[in-house]
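K.L.:
Here you go, one structure.
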Amino acid sequence: MHELITILGPTATGKTRLAAVLAAGCRGEVISADSRQVYRGMDLGTGKDLDDYMVDGKRVPFHLVDIAEAGEEYNVYRFQRDFLMAFNDISARQGRPILCGGTGMYLEAVILAYGLKEVPRDEALRKELELLSDEELSERIHGLREVHNITDTRDRERMIRAIEISLSSGEDGKTHADGLAGIRHQVFGISLPREDIRNRITARLRQRLDQGMAEEVKELLDAGLTPSQLDFYGLEYRYLTRYVTGKISYNDMFQKLNSAIHQFAKRQMTWFRRMEKKGVKIQWIDGR
C-alpha cells in the first residue's frame, strides 16, 4: 500500500516551502492541491511562489501547476484524475509523493477517496437556478446531502455548478475512487495564531501588488478573458479586475481584497476542522 504525506493549512502559512524542504530530504515530489495554480499565465494572483521549490540550489519536482489554460474550467473531477496520474508516476519511480495545498475540496476528494463522476452542464437546471437569489442558492446548497465542489458560497457560478453536480443522477461516468482507496495517509496541518496569519496576508498582498499583480490582470484582459471569467478565478482577480477597469480605486481595492483574503483564511480553517469531524486525522504543527 502506497503512502501519501499531505501538508495543508490556510493561505500564507508557508505550506509550499515546508513541503519542498521535506521533499528534498526524502526523494520526494510535491503534488499541488491548489484550484487556481493549475492555470498558466495566472501567477501572482494565484500565489505561485515557485522559488519555494528551490532547496539548496536545486528545484524540487512539482506537479499540477500550469497544466490548464486560463479561461477553461478545471474542476475537482479533473484534479482527482491528474492527482492519481502524478501519484502513480512518482510511486513507480520509487519517489515520495507529498500533497500540498489549501483547496479543501481537492484535499478531501483525495484523502476521503470520493467517487466523483464527470457531470455535463444541465442547461434547463441552470435556467431555473439563475432565477434564484444568492441567498436562495446558498440555502439550496446547504440542503443537499453531498456537495463535492464548492468552497465559496458567495460565487454564483460555483454555487450553480455545485448544485448541478450534486443533483446529477451519476448513473454514467468513471470514478477514481478505487485508485484512491488504496492510499495510506499522513496529514499534517500548519497552525499559526490568527494575528500572524493576518499580518502575513497583508504583507504578501503588498508584495504581490508591487511585483505587478495588477499588470498581470491587464494582460489577461488584453488576451481576451472577460471580467466575468476573471471573477471566477478568486478574490485577487475579482477585486483587481474591478480596479483595472476603473470601477473602484486602488485604496478601495486593497482594503476590500485584504479583508476578503482574511475571511477566506478563516473559511479554510473551518473546512479543515470539518474534515477532522469526517474522520481525517490532522497532526497540527506550529508554523512559527
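Residues are named by chain letter and number: chains run A, B, ... in the order of the C-alpha cells, numbers start at 1 in each chain, and ligands are numbered from 1 in the order shown.
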Name the residues in contact with Tyr106 (chain A) at a cut-off of 12 Å, using only C-alpha atoms, excluding same-chain residues fewer than 4 positions from it; report them as a ChimeraX atom specification.
P.N.:
/A:6,8,31-36,64,74-83,99-102,110-114,116,148-151,271-272,275
K.L.:
Give me, as a ChimeraX atom specification, the residues of region 21-220 of chain A that a backbone DSSP run labels strand (DSSP E).
P.N.:
/A:28-32,54-55,58-59,62-63,96-101,184-191
K.L.:
Grab the CA of Asp56 (chain A) to CA of Pro97 (chain A) distance for me, in Å with one decimal place.
P.N.:
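Atom-to-atom, CA of Asp56 (chain A) and CA of Pro97 (chain A) are spaced 19.7 Å apart.
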K.L.:
Would you kindly return, as number ranges by chain, each protein, DNA or RNA residue with an atom no farther than 8 Å from any atom of Asn258 (chain A), considering only C-alpha atoms and excluding same-chain residues fewer than 2 positions away?
P.N.:
A: 201-202, 205, 254-256, 260-262
K.L.:
Run DSSP on the backbone and tell me which residues of region 23-223 of chain A come out as alpha helix (DSSP H); list them as a ChimeraX atom specification.
P.N.:
/A:23-24,76-92,104-111,123-130,134-142,156-167,177-181,194-211,213-222
K.L.:
What is the CA of Leu221 (chain A)-CA of Tyr39 (chain A) distance in Å, reported with one decimal?
P.N.:
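Interatomic distance, CA of Leu221 (chain A) to CA of Tyr39 (chain A): 14.8 Å.
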K.L.:
Restricting the calculation to only C-alpha atoms, which member of A:Leu230, A:Ala214, A:Lys266, A:Ile141 is positioned closest to Tyr250 (chain A)?
P.N.:
A:Ala214
K.L.:
Between CA of Ala12 (chain A) and CA of Gln186 (chain A), what distance in Å does the model show, to one decimal?
P.N.:
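So the answer is 21.6 Å.
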K.L.:
Set the distance at 12 Å and use only C-alpha atoms: which residues neighbour Leu125 (chain A) once local chain neighbours fewer than 3 positions away are removed? I'd like the list as a list in words.
P.N.:
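Skipping anything fewer than 3 positions along the chain leaves Pro120, Arg121, Asp122, Glu128, Leu129, Glu130, Leu131, Leu132, Ile160, Arg161, Ala162, Ile163, Glu164, Ile165, Ser166, Leu167 and Ser168 of chain A.
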K.L.:
Can those selected residues be exported to a file as a tab-separated table (two decimals), in the first residue's frame so that it contains N, CA, C and O atoms?
P.N.:
```tsv
chain	number	residue	atom	x	y	z
A	120	PRO	N	-21.93	16.65	-17.07
A	120	PRO	CA	-22.09	17.70	-18.09
A	120	PRO	C	-23.00	18.82	-17.60
A	120	PRO	O	-23.71	18.67	-16.60
A	121	ARG	N	-22.95	19.94	-18.29
A	121	ARG	CA	-23.82	21.07	-17.95
A	121	ARG	C	-25.27	20.71	-18.22
A	121	ARG	O	-25.59	20.08	-19.22
A	122	ASP	N	-26.15	21.11	-17.31
A	122	ASP	CA	-27.59	20.91	-17.44
A	122	ASP	C	-28.22	22.28	-17.67
A	122	ASP	O	-28.48	23.03	-16.72
A	128	GLU	N	-33.24	27.49	-14.44
A	128	GLU	CA	-34.06	27.52	-13.22
A	128	GLU	C	-33.30	28.16	-12.07
A	128	GLU	O	-33.82	29.01	-11.34
A	129	LEU	N	-32.02	27.78	-11.91
A	129	LEU	CA	-31.23	28.28	-10.80
A	129	LEU	C	-30.86	29.75	-10.96
A	129	LEU	O	-30.69	30.46	-9.96
A	130	GLU	N	-30.74	30.21	-12.19
A	130	GLU	CA	-30.40	31.62	-12.43
A	130	GLU	C	-31.46	32.56	-11.88
A	130	GLU	O	-31.19	33.73	-11.61
A	131	LEU	N	-32.68	32.07	-11.70
A	131	LEU	CA	-33.77	32.89	-11.20
A	131	LEU	C	-33.70	33.08	-9.68
A	131	LEU	O	-34.38	33.94	-9.13
A	132	LEU	N	-32.85	32.27	-9.02
A	132	LEU	CA	-32.75	32.34	-7.57
A	132	LEU	C	-31.74	33.40	-7.14
A	132	LEU	O	-30.78	33.69	-7.85
A	160	ILE	N	-23.96	27.36	-8.53
A	160	ILE	CA	-24.80	26.69	-9.54
A	160	ILE	C	-24.15	25.39	-9.98
A	160	ILE	O	-24.82	24.35	-10.12
A	161	ARG	N	-22.84	25.41	-10.21
A	161	ARG	CA	-22.14	24.19	-10.63
A	161	ARG	C	-22.19	23.13	-9.54
A	161	ARG	O	-22.36	21.93	-9.82
A	162	ALA	N	-22.07	23.53	-8.28
A	162	ALA	CA	-22.14	22.58	-7.17
A	162	ALA	C	-23.50	21.89	-7.13
A	162	ALA	O	-23.59	20.67	-6.95
A	163	ILE	N	-24.56	22.67	-7.29
A	163	ILE	CA	-25.91	22.09	-7.29
A	163	ILE	C	-26.09	21.17	-8.48
A	163	ILE	O	-26.66	20.07	-8.37
A	164	GLU	N	-25.60	21.59	-9.63
A	164	GLU	CA	-25.71	20.80	-10.86
A	164	GLU	C	-25.07	19.42	-10.69
A	164	GLU	O	-25.66	18.40	-11.06
A	165	ILE	N	-23.87	19.40	-10.11
A	165	ILE	CA	-23.17	18.13	-9.90
A	165	ILE	C	-23.88	17.28	-8.86
A	165	ILE	O	-24.06	16.07	-9.03
A	166	SER	N	-24.33	17.91	-7.79
A	166	SER	CA	-24.96	17.15	-6.70
A	166	SER	C	-26.29	16.54	-7.11
A	166	SER	O	-26.67	15.48	-6.62
A	167	LEU	N	-26.99	17.21	-8.03
A	167	LEU	CA	-28.30	16.71	-8.46
A	167	LEU	C	-28.22	15.75	-9.64
A	167	LEU	O	-29.21	15.17	-10.04
A	168	SER	N	-27.01	15.59	-10.18
A	168	SER	CA	-26.86	14.66	-11.30
A	168	SER	C	-27.14	13.25	-10.84
A	168	SER	O	-26.82	12.84	-9.73
```
K.L.:
Using only C-alpha atoms, which residues sit within 12 Å of Arg59 (chain A) once same-chain residues fewer than 6 positions away are excluded, as a list in words?
P.N.:
Arg17, Ala20, Val21, Ala23, Ala24, Arg27, Gly28, Glu29, Val30, Leu50, Asp51, Asp52 and Tyr53 of chain A
